[in-house]
file my_file.cif (mmCIF, C-alpha atoms)
data_entry
#
loop_
_atom_site.group_PDB
_atom_site.id
_atom_site.type_symbol
_atom_site.label_atom_id
_atom_site.label_comp_id
_atom_site.auth_asym_id
_atom_site.auth_seq_id
_atom_site.Cartn_x
_atom_site.Cartn_y
_atom_site.Cartn_z
ATOM 1 C CA MET A 1 -19.416 -13.287 20.936
ATOM 2 C CA THR A 2 -19.339 -10.655 23.672
ATOM 3 C CA GLN A 3 -15.596 -10.183 23.236
ATOM 4 C CA GLU A 4 -16.005 -9.841 19.483
ATOM 5 C CA LEU A 5 -18.678 -7.171 19.900
ATOM 6 C CA LYS A 6 -16.464 -5.397 22.397
ATOM 7 C CA GLU A 7 -13.574 -5.362 19.908
ATOM 8 C CA ILE A 8 -15.874 -4.048 17.158
ATOM 9 C CA ALA A 9 -17.039 -1.261 19.478
ATOM 10 C CA GLN A 10 -13.442 -0.397 20.353
ATOM 11 C CA GLY A 11 -12.528 -0.352 16.678
ATOM 12 C CA LEU A 12 -15.444 1.930 15.806
ATOM 13 C CA LYS A 13 -14.551 4.284 18.626
ATOM 14 C CA ALA A 14 -10.915 4.431 17.525
ATOM 15 C CA PHE A 15 -11.955 5.035 13.936
ATOM 16 C CA LEU A 16 -14.254 7.914 14.834
ATOM 17 C CA LEU A 17 -11.673 9.510 17.100
ATOM 18 C CA ASN A 18 -8.936 9.213 14.508
ATOM 19 C CA ALA A 19 -10.861 9.981 11.321
ATOM 20 C CA GLU A 20 -10.803 13.761 11.563
ATOM 21 C CA GLU A 21 -7.211 13.872 12.788
ATOM 22 C CA ASP A 22 -6.091 11.487 10.043
ATOM 23 C CA GLU A 23 -7.715 13.689 7.423
ATOM 24 C CA ILE A 24 -5.906 16.757 8.700
ATOM 25 C CA ILE A 25 -2.546 14.977 8.987
ATOM 26 C CA LEU A 26 -2.635 13.442 5.533
ATOM 27 C CA LYS A 27 -3.954 16.497 3.717
ATOM 28 C CA ALA A 28 -1.543 18.858 5.467
ATOM 29 C CA ALA A 29 1.456 16.653 4.760
ATOM 30 C CA LEU A 30 0.596 16.028 1.133
ATOM 31 C CA ASN A 31 -0.319 19.643 0.417
ATOM 32 C CA LYS A 32 2.877 20.835 2.074
ATOM 33 C CA GLU A 33 4.983 18.576 -0.110
ATOM 34 C CA LYS A 34 3.102 19.540 -3.259
ATOM 35 C CA ALA A 35 3.528 23.226 -2.471
ATOM 36 C CA ALA A 36 7.241 22.757 -1.869
ATOM 37 C CA PHE A 37 7.613 20.819 -5.107
ATOM 38 C CA ASN A 38 5.716 23.402 -7.152
ATOM 39 C CA SER A 39 7.817 26.165 -5.611
ATOM 40 C CA ASN A 40 11.068 24.388 -6.455
ATOM 41 C CA GLU A 41 9.837 23.615 -9.949
ATOM 42 C CA SER A 42 8.919 27.245 -10.534
ATOM 43 C CA ARG A 43 12.365 28.413 -9.429
ATOM 44 C CA GLY A 44 13.978 25.829 -11.712
ATOM 45 C CA GLU A 45 11.852 26.906 -14.672
ATOM 46 C CA GLU A 46 12.663 30.570 -14.088
ATOM 47 C CA THR A 47 16.414 29.906 -14.114
ATOM 48 C CA SER A 48 16.353 27.706 -17.211
ATOM 49 C CA HIS A 49 14.139 30.100 -19.157
ATOM 50 C CA LYS A 50 16.477 33.064 -18.638
ATOM 51 C CA SER A 51 19.057 31.572 -20.996
ATOM 52 C CA GLU A 52 16.380 30.518 -23.486
ATOM 53 C CA GLU A 53 14.726 33.914 -23.514
ATOM 54 C CA ALA A 54 18.061 35.589 -24.216
ATOM 55 C CA SER A 55 17.748 34.372 -27.816
ATOM 56 C CA LEU A 56 13.991 34.724 -28.025
ATOM 57 C CA SER A 57 11.665 37.702 -28.065
ATOM 58 C CA GLY A 58 8.011 38.671 -28.220
ATOM 59 C CA GLU A 59 5.440 35.924 -28.700
ATOM 60 C CA THR A 60 8.077 33.188 -29.019
ATOM 61 C CA ALA A 61 9.464 33.941 -25.554
ATOM 62 C CA TYR A 62 5.935 34.031 -24.129
ATOM 63 C CA ALA A 63 5.179 30.614 -25.625
ATOM 64 C CA VAL A 64 8.277 29.054 -24.024
ATOM 65 C CA ARG A 65 7.556 30.636 -20.645
ATOM 66 C CA ASN A 66 3.945 29.431 -20.637
ATOM 67 C CA ALA A 67 4.316 26.050 -22.334
ATOM 68 C CA PRO A 68 2.831 23.165 -20.319
ATOM 69 C CA GLN A 69 5.558 21.512 -18.280
ATOM 70 C CA GLU A 70 5.834 17.744 -18.403
ATOM 71 C CA LYS A 71 5.527 16.775 -14.747
ATOM 72 C CA THR A 72 6.782 13.239 -15.163
ATOM 73 C CA ARG A 73 9.792 11.407 -13.826
ATOM 74 C CA ASN A 74 11.758 9.332 -16.309
ATOM 75 C CA ALA A 75 14.693 8.921 -13.927
ATOM 76 C CA PRO A 76 14.472 6.342 -11.129
ATOM 77 C CA VAL A 77 12.237 7.277 -8.207
ATOM 78 C CA GLU A 78 13.693 6.473 -4.792
ATOM 79 C CA ILE A 79 11.391 5.865 -1.823
ATOM 80 C CA MET A 80 12.936 5.236 1.592
ATOM 81 C CA THR A 81 11.520 5.460 5.089
ATOM 82 C CA LYS A 82 13.543 6.906 7.958
ATOM 83 C CA SER A 83 13.503 3.657 9.911
ATOM 84 C CA THR A 84 14.986 1.447 7.198
ATOM 85 C CA ASP A 85 18.105 1.421 5.135
ATOM 86 C CA LYS A 86 16.251 -0.291 2.295
ATOM 87 C CA LYS A 87 15.913 1.969 -0.708
ATOM 88 C CA GLU A 88 13.378 1.021 -3.370
ATOM 89 C CA THR A 89 14.377 2.361 -6.791
ATOM 90 C CA LEU A 90 11.485 2.489 -9.215
ATOM 91 C CA THR A 91 11.518 3.743 -12.786
ATOM 92 C CA SER A 92 8.263 5.397 -13.770
ATOM 93 C CA ASP A 93 6.594 7.936 -16.036
ATOM 94 C CA ALA A 94 4.033 8.709 -13.327
ATOM 95 C CA PRO A 95 3.498 12.293 -12.195
ATOM 96 C CA ILE A 96 6.101 13.278 -9.625
ATOM 97 C CA ASP A 97 3.467 14.131 -7.033
ATOM 98 C CA LYS A 98 2.328 10.495 -7.044
ATOM 99 C CA ALA A 99 5.730 9.335 -5.796
ATOM 100 C CA GLU A 100 5.834 12.206 -3.327
ATOM 101 C CA GLU A 101 2.444 11.263 -1.886
ATOM 102 C CA LEU A 102 3.515 7.680 -1.312
ATOM 103 C CA ALA A 103 6.754 8.833 0.265
ATOM 104 C CA HIS A 104 4.851 11.134 2.600
ATOM 105 C CA ILE A 105 2.382 8.432 3.583
ATOM 106 C CA ALA A 106 5.375 6.223 4.375
ATOM 107 C CA GLU A 107 6.826 8.994 6.513
ATOM 108 C CA LEU A 108 3.548 9.396 8.393
ATOM 109 C CA ILE A 109 3.512 5.657 9.054
ATOM 110 C CA THR A 110 7.125 5.779 10.213
ATOM 111 C CA ASN A 111 6.273 8.442 12.779
ATOM 112 C CA CYS A 112 2.910 6.976 13.806
ATOM 113 C CA GLN A 113 2.467 6.053 17.471
ATOM 114 C CA ARG A 114 -1.305 6.143 17.546
ATOM 115 C CA CYS A 115 -1.865 2.581 18.663
ATOM 116 C CA ASP A 116 0.118 0.086 20.706
ATOM 117 C CA LEU A 117 1.598 -1.533 17.588
ATOM 118 C CA GLY A 118 3.622 1.605 16.929
ATOM 119 C CA LYS A 119 5.104 1.401 20.401
ATOM 120 C CA THR A 120 6.281 -2.204 20.172
ATOM 121 C CA ARG A 121 7.392 -2.570 16.552
ATOM 122 C CA ILE A 122 11.025 -2.761 15.516
ATOM 123 C CA LYS A 123 10.446 -1.208 12.083
ATOM 124 C CA PRO A 124 7.263 0.014 10.401
ATOM 125 C CA VAL A 125 6.357 -1.626 7.100
ATOM 126 C CA PRO A 126 4.587 0.937 4.885
ATOM 127 C CA GLY A 127 4.643 -1.168 1.715
ATOM 128 C CA GLU A 128 6.594 -1.102 -1.520
ATOM 129 C CA GLY A 129 6.376 -1.576 -5.233
ATOM 130 C CA ASN A 130 5.630 0.029 -8.548
ATOM 131 C CA ILE A 131 3.818 3.324 -8.149
ATOM 132 C CA ASN A 132 2.032 2.606 -11.452
ATOM 133 C CA ALA A 133 1.113 -0.973 -10.529
ATOM 134 C CA LYS A 134 -1.900 -2.492 -12.254
ATOM 135 C CA ILE A 135 -2.321 -4.949 -9.409
ATOM 136 C CA MET A 136 -1.882 -4.471 -5.665
ATOM 137 C CA PHE A 137 -1.571 -7.262 -3.093
ATOM 138 C CA VAL A 138 -2.748 -6.550 0.453
ATOM 139 C CA GLY A 139 -1.961 -8.893 3.321
ATOM 140 C CA GLU A 140 -2.792 -8.898 6.999
ATOM 141 C CA GLY A 141 0.223 -7.407 8.741
ATOM 142 C CA PRO A 142 4.004 -7.645 9.049
ATOM 143 C CA GLY A 143 5.559 -10.706 10.665
ATOM 144 C CA TYR A 144 8.916 -11.459 12.287
ATOM 145 C CA GLU A 145 11.121 -10.906 9.213
ATOM 146 C CA GLU A 146 9.134 -7.915 7.969
ATOM 147 C CA ASP A 147 9.477 -6.252 11.375
ATOM 148 C CA ARG A 148 13.251 -6.440 11.047
ATOM 149 C CA GLN A 149 13.595 -5.438 7.412
ATOM 150 C CA GLY A 150 10.803 -2.857 7.180
ATOM 151 C CA ARG A 151 9.565 -4.519 3.977
ATOM 152 C CA PRO A 152 6.360 -6.494 3.314
ATOM 153 C CA PHE A 153 6.310 -10.223 2.566
ATOM 154 C CA VAL A 154 10.000 -11.072 2.899
ATOM 155 C CA GLY A 155 9.668 -14.235 5.019
ATOM 156 C CA ARG A 156 8.551 -17.704 3.917
ATOM 157 C CA ALA A 157 5.082 -16.451 2.999
ATOM 158 C CA GLY A 158 6.713 -13.686 0.977
ATOM 159 C CA GLN A 159 8.821 -16.188 -0.943
ATOM 160 C CA LEU A 160 5.654 -18.059 -1.865
ATOM 161 C CA LEU A 161 3.952 -14.801 -2.857
ATOM 162 C CA ASP A 162 6.895 -14.021 -5.163
ATOM 163 C CA LYS A 163 6.336 -17.394 -6.880
ATOM 164 C CA ILE A 164 2.616 -16.698 -7.198
ATOM 165 C CA ILE A 165 3.294 -13.284 -8.722
ATOM 166 C CA ALA A 166 5.754 -14.830 -11.192
ATOM 167 C CA ALA A 167 3.259 -17.563 -12.125
ATOM 168 C CA MET A 168 0.742 -14.820 -12.884
ATOM 169 C CA GLY A 169 3.191 -13.314 -15.362
ATOM 170 C CA PHE A 170 4.383 -10.391 -13.245
ATOM 171 C CA SER A 171 7.544 -9.578 -11.342
ATOM 172 C CA ARG A 172 7.618 -8.226 -7.807
ATOM 173 C CA GLU A 173 8.864 -4.921 -9.228
ATOM 174 C CA GLU A 174 5.699 -4.580 -11.352
ATOM 175 C CA VAL A 175 3.189 -4.838 -8.488
ATOM 176 C CA PHE A 176 2.588 -3.002 -5.220
ATOM 177 C CA ILE A 177 2.548 -4.933 -1.939
ATOM 178 C CA ALA A 178 1.153 -3.676 1.359
ATOM 179 C CA ASN A 179 -0.664 -4.805 4.502
ATOM 180 C CA ILE A 180 -3.798 -3.853 6.406
ATOM 181 C CA VAL A 181 -1.710 -2.791 9.428
ATOM 182 C CA LYS A 182 1.767 -1.377 9.096
ATOM 183 C CA CYS A 183 3.410 -2.697 12.272
ATOM 184 C CA HIS A 184 3.945 -6.220 13.584
ATOM 185 C CA PRO A 185 1.059 -7.477 15.773
ATOM 186 C CA MET A 186 2.618 -9.702 18.454
ATOM 187 C CA ILE A 187 1.098 -12.064 20.998
ATOM 188 C CA ASP A 188 3.817 -11.047 23.444
ATOM 189 C CA PRO A 189 5.119 -7.592 22.495
ATOM 190 C CA THR A 190 7.591 -7.664 25.388
ATOM 191 C CA ASN A 191 9.490 -10.431 23.575
ATOM 192 C CA PRO A 192 9.869 -9.313 19.933
ATOM 193 C CA ASP A 193 12.671 -11.825 19.264
ATOM 194 C CA LYS A 194 10.376 -14.743 19.997
ATOM 195 C CA ARG A 195 9.357 -16.818 16.982
ATOM 196 C CA SER A 196 5.718 -17.782 16.295
ATOM 197 C CA ASN A 197 4.730 -14.596 18.084
ATOM 198 C CA ASP A 198 2.373 -13.343 15.377
ATOM 199 C CA ARG A 199 -1.314 -12.598 15.881
ATOM 200 C CA ALA A 200 -4.113 -11.116 13.835
ATOM 201 C CA PRO A 201 -4.522 -7.341 14.172
ATOM 202 C CA LYS A 202 -7.318 -6.077 16.396
ATOM 203 C CA SER A 203 -10.183 -3.974 15.104
ATOM 204 C CA ASP A 204 -8.936 -0.786 16.781
ATOM 205 C CA GLU A 205 -5.486 -1.288 15.231
ATOM 206 C CA ILE A 206 -7.083 -1.771 11.820
ATOM 207 C CA ALA A 207 -9.159 1.381 12.338
ATOM 208 C CA VAL A 208 -6.009 3.432 12.910
ATOM 209 C CA CYS A 209 -4.108 1.984 9.940
ATOM 210 C CA ARG A 210 -6.780 1.665 7.284
ATOM 211 C CA ARG A 211 -6.633 5.317 6.262
ATOM 212 C CA TYR A 212 -2.960 4.938 5.382
ATOM 213 C CA LEU A 213 -3.695 1.873 3.274
ATOM 214 C CA GLU A 214 -6.695 3.419 1.553
ATOM 215 C CA GLN A 215 -4.678 6.509 0.687
ATOM 216 C CA GLN A 216 -1.999 4.231 -0.790
ATOM 217 C CA ILE A 217 -4.623 2.458 -2.904
ATOM 218 C CA LYS A 218 -6.002 5.781 -4.103
ATOM 219 C CA THR A 219 -2.515 7.065 -4.956
ATOM 220 C CA VAL A 220 -1.250 3.949 -6.751
ATOM 221 C CA SER A 221 -4.673 3.602 -8.423
ATOM 222 C CA PRO A 222 -4.322 -0.042 -9.483
ATOM 223 C CA ASP A 223 -6.872 -1.779 -11.666
ATOM 224 C CA TYR A 224 -7.093 -4.705 -9.243
ATOM 225 C CA VAL A 225 -6.509 -5.348 -5.547
ATOM 226 C CA VAL A 226 -5.934 -8.874 -4.250
ATOM 227 C CA ALA A 227 -6.950 -9.264 -0.609
ATOM 228 C CA LEU A 228 -4.780 -12.009 0.863
ATOM 229 C CA GLY A 229 -6.591 -13.817 3.660
ATOM 230 C CA GLY A 230 -9.593 -13.277 5.872
ATOM 231 C CA VAL A 231 -8.431 -10.112 7.654
ATOM 232 C CA ALA A 232 -7.755 -8.276 4.378
ATOM 233 C CA ALA A 233 -11.030 -9.517 2.905
ATOM 234 C CA LYS A 234 -13.015 -8.525 5.996
ATOM 235 C CA THR A 235 -11.444 -5.063 6.029
ATOM 236 C CA LEU A 236 -11.688 -4.248 2.319
ATOM 237 C CA ILE A 237 -14.741 -6.247 1.179
ATOM 238 C CA SER A 238 -17.159 -7.271 3.916
ATOM 239 C CA GLU A 239 -17.125 -7.586 7.676
ATOM 240 C CA VAL A 240 -20.232 -9.752 7.748
ATOM 241 C CA GLN A 241 -19.875 -12.196 4.860
ATOM 242 C CA PRO A 242 -17.868 -15.364 5.476
ATOM 243 C CA PHE A 243 -14.491 -15.485 3.738
ATOM 244 C CA GLY A 244 -15.545 -18.593 1.828
ATOM 245 C CA SER A 245 -18.514 -16.807 0.264
ATOM 246 C CA ILE A 246 -16.440 -13.963 -1.212
ATOM 247 C CA ARG A 247 -13.192 -15.774 -2.012
ATOM 248 C CA GLY A 248 -12.507 -15.933 -5.743
ATOM 249 C CA LYS A 249 -15.189 -13.415 -6.704
ATOM 250 C CA ILE A 250 -14.311 -10.213 -8.546
ATOM 251 C CA LEU A 251 -16.065 -7.301 -6.879
ATOM 252 C CA ASP A 252 -16.019 -3.523 -6.993
ATOM 253 C CA LEU A 253 -13.760 -2.016 -4.334
ATOM 254 C CA LYS A 254 -15.470 0.479 -2.037
ATOM 255 C CA LEU A 255 -13.297 2.289 0.486
ATOM 256 C CA SER A 256 -14.368 3.908 3.753
ATOM 257 C CA CYS A 257 -11.943 6.810 4.141
ATOM 258 C CA VAL A 258 -11.180 8.071 0.631
ATOM 259 C CA THR A 259 -12.883 8.411 -2.734
ATOM 260 C CA LEU A 260 -11.232 6.534 -5.568
ATOM 261 C CA ASP A 261 -10.429 8.411 -8.758
ATOM 262 C CA LYS A 262 -11.506 5.463 -10.893
ATOM 263 C CA PRO A 263 -13.253 2.090 -10.456
ATOM 264 C CA VAL A 264 -11.006 -0.572 -8.922
ATOM 265 C CA LYS A 265 -11.818 -4.273 -8.700
ATOM 266 C CA ILE A 266 -10.956 -6.538 -5.792
ATOM 267 C CA MET A 267 -10.666 -10.268 -5.266
ATOM 268 C CA ALA A 268 -9.998 -12.217 -2.077
ATOM 269 C CA THR A 269 -7.976 -15.402 -1.930
ATOM 270 C CA PHE A 270 -5.939 -17.346 0.605
ATOM 271 C CA HIS A 271 -2.991 -15.728 2.363
ATOM 272 C CA PRO A 272 0.348 -17.344 1.378
ATOM 273 C CA ALA A 273 0.954 -18.230 5.048
ATOM 274 C CA ALA A 274 -2.301 -20.214 5.023
ATOM 275 C CA LEU A 275 -1.138 -22.025 1.889
ATOM 276 C CA LEU A 276 2.084 -23.010 3.645
ATOM 277 C CA ARG A 277 0.050 -24.509 6.482
ATOM 278 C CA ASN A 278 -2.486 -26.087 4.133
ATOM 279 C CA PRO A 279 -0.800 -27.017 0.821
ATOM 280 C CA GLY A 280 -4.041 -28.571 -0.403
ATOM 281 C CA TRP A 281 -5.520 -25.070 -0.740
ATOM 282 C CA LYS A 282 -2.957 -24.004 -3.354
ATOM 283 C CA LYS A 283 -5.037 -25.390 -6.216
ATOM 284 C CA ASP A 284 -8.078 -23.362 -5.143
ATOM 285 C CA ALA A 285 -5.991 -20.215 -4.726
ATOM 286 C CA TRP A 286 -4.529 -20.647 -8.202
ATOM 287 C CA GLN A 287 -8.013 -21.086 -9.679
ATOM 288 C CA ASN A 288 -9.019 -17.796 -8.012
ATOM 289 C CA LEU A 289 -6.061 -15.985 -9.521
ATOM 290 C CA LYS A 290 -6.679 -17.459 -12.972
ATOM 291 C CA VAL A 291 -10.165 -15.923 -12.853
ATOM 292 C CA LEU A 292 -8.581 -12.576 -12.026
ATOM 293 C CA LEU A 293 -6.071 -12.917 -14.877
ATOM 294 C CA ALA A 294 -8.880 -13.728 -17.307
ATOM 295 C CA ASP A 295 -10.715 -10.591 -16.195
ATOM 296 C CA MET A 296 -7.514 -8.649 -16.845
ATOM 297 C CA GLY A 297 -7.265 -10.185 -20.303
ATOM 298 C CA ARG A 298 -3.993 -11.919 -19.415
ATOM 299 C CA GLN A 299 -2.716 -15.477 -19.478
ATOM 300 C CA PRO A 300 -0.652 -17.125 -16.722
ATOM 301 C CA ALA A 301 3.074 -17.252 -17.338
ATOM 302 C CA SER A 302 4.072 -20.248 -19.434
ATOM 303 C CA LYS A 303 5.958 -22.912 -17.493
#
call {"tool": "encode", "arguments": {"input": "my_file.cif", "output": "structure tokens"}}
result
Amino acid sequence: MTQELKEIAQGLKAFLLNAEEDEIILKAALNKEKAAFNSNESRGEETSHKSEEASLSGETAYAVRNAPQEKTRNAPVEIMTKSTDKKETLTSDAPIDKAEELAHIAELITNCQRCDLGKTRIKPVPGEGNINAKIMFVGEGPGYEEDRQGRPFVGRAGQLLDKIIAAMGFSREEVFIANIVKCHPMIDPTNPDKRSNDRAPKSDEIAVCRRYLEQQIKTVSPDYVVALGGVAAKTLISEVQPFGSIRGKILDLKLSCVTLDKPVKIMATFHPAALLRNPGWKKDAWQNLKVLLADMGRQPASK
């Protein structure tokens, strides 16, 4: 109990120390990118309008010059972090600045060294998926395979999650997948090649990373978030309620670091890794997800 209170105190201290700096970093980075994009767009519009205005005059030319510009991307959007060679190509009609924000958050995560996890990781794992996803899955943290690939849920638990997503009637490309912490928490960080070296993230590590995750949730703006496992549920739903008392319930998501642009619902269920260790829990997890699908007005995929 004393150790747990000590970890909570350390987490609170880290959160308070990092909150203001996080706000400055994220806002500065995102505003910088938006400004650069708007500047480039303006230059592009000016060049293209010169040829159009050559055959137009008076009010017609004014209308073309001042017509609202469609700031959407119909071509594939490519998001890639510096530390990986994995390029996610996503086709979307979302505003361009939405993709840019996610790319910048990923870059901030890639360069983050603000806790010990950043110093011992092999590759950061920002998250990936559809920037217009209706549903977002949030796990605990990267494991052995994720640390090497820089992608979330690519090990055995990830293979099971892919099957769960398919059973729900979605594809992996339609959802967004992320974790509470973005770097691999290891029992023995001096031996990253050791198997079964995973541990739960500490409260101070969560405090550093949660702003990145919450900004991702705000940017993607899903209708639903699925918290996979106790750590995700404790972080995003309740630190005091037992996991069993909130599992399977659809609740309103309330974030600590950002203000959501719309209401988002959240449900907690078992982490796929827990289902691999305890196959008997799969039935309960599926019942949870069927409740979520019903709330979405969807049916499970037909077998």
call {"tool": "resolve_selection", "arguments": {"input": "my_file.cif", "expression": "the PyMOL selection byres ((chain A and resi 124) around 7)", "output": "PyMOL selection string"}}
result
chain A and resi 109-110+121-123+125-126+147+150+182-183
call {"tool": "residues_near_point", "arguments": {"input": "my_file.cif", "point": "(-8.6, -16.0, -10.1)", "cutoff": "12 Å", "atoms": "only C-alpha atoms", "output": "PyMOL selection string"}}
result
chain A and resi 164+168+224-227+247-251+266-270+282-300
call {"tool": "atom_distance", "arguments": {"input": "my_file.cif", "atom1": "atom CA of Thr235 of chain A", "atom2": "atom CA of Ala157 of chain A"}}
result
20.3 Å
call {"tool": "resolve_selection", "arguments": {"input": "my_file.cif", "expression": "the PyMOL selection byres ((chain A and resi 131) around 7)", "output": "list in words"}}
result
Ala99, Gly129, Asn130, Asn132, Ala133 and Val220 of chain A
call {"tool": "closest_residue", "arguments": {"input": "my_file.cif", "among": "A:Cys209, A:Val175, A:Ala273, A:Leu255", "to": "Ser238 of chain A", "atoms": "all atoms listed in the file"}}
result
A:Leu255
call {"tool": "atom_distance", "arguments": {"input": "my_file.cif", "atom1": "atom CA of Lys254 of chain A", "atom2": "atom CA of Lys218 of chain A"}}
result
11.0 Å
call {"tool": "atom_distance", "arguments": {"input": "my_file.cif", "atom1": "atom CA of His184 of chain A", "atom2": "atom CA of Glu101 of chain A"}}
result
23.4 Å
call {"tool": "residues_near_point", "arguments": {"input": "my_file.cif", "point": "(-3.1, 2.8, 2.9)", "cutoff": "12 Å", "atoms": "only C-alpha atoms", "output": "JSON, numbers by chain"}}
result
{"A": [22, 26, 101, 102, 103, 104, 105, 106, 108, 109, 125, 126, 127, 128, 136, 137, 138, 139, 176, 177, 178, 179, 180, 181, 182, 206, 207, 208, 209, 210, 211, 212, 213, 214, 215, 216, 217, 218, 219, 220, 221, 235, 236, 255, 256, 257, 258]}
call {"tool": "residues_around", "arguments": {"input": "my_file.cif", "residues": "Asp223 of chain A", "least_positions_apart": "4", "cutoff": "8 Å", "atoms": "all atoms listed in the file", "output": "ChimeraX atom specification"}}
result
/A:134-135,263-265
call {"tool": "axis_aligned_box", "arguments": {"input": "my_file.cif", "around": "segment 106-115 of chain A", "padding_each_side": "4 Å", "output": "AutoDock Vina command-line options"}}
result
--center_x 2.6 --center_y 6.0 --center_z 11.5 --size_x 17.0 --size_y 14.8 --size_z 22.3
call {"tool": "closest_residue", "arguments": {"input": "my_file.cif", "among": "A:Lys202, A:Arg277, A:Lys163, A:Arg151", "to": "Asp116 of chain A", "atoms": "all atoms listed in the file"}}
result
A:Lys202
call {"tool": "closest_residue", "arguments": {"input": "my_file.cif", "among": "A:Glu173, A:Lys98, A:Ala233, A:Glu145", "to": "Ser196 of chain A", "atoms": "only C-alpha atoms"}}
result
A:Glu145
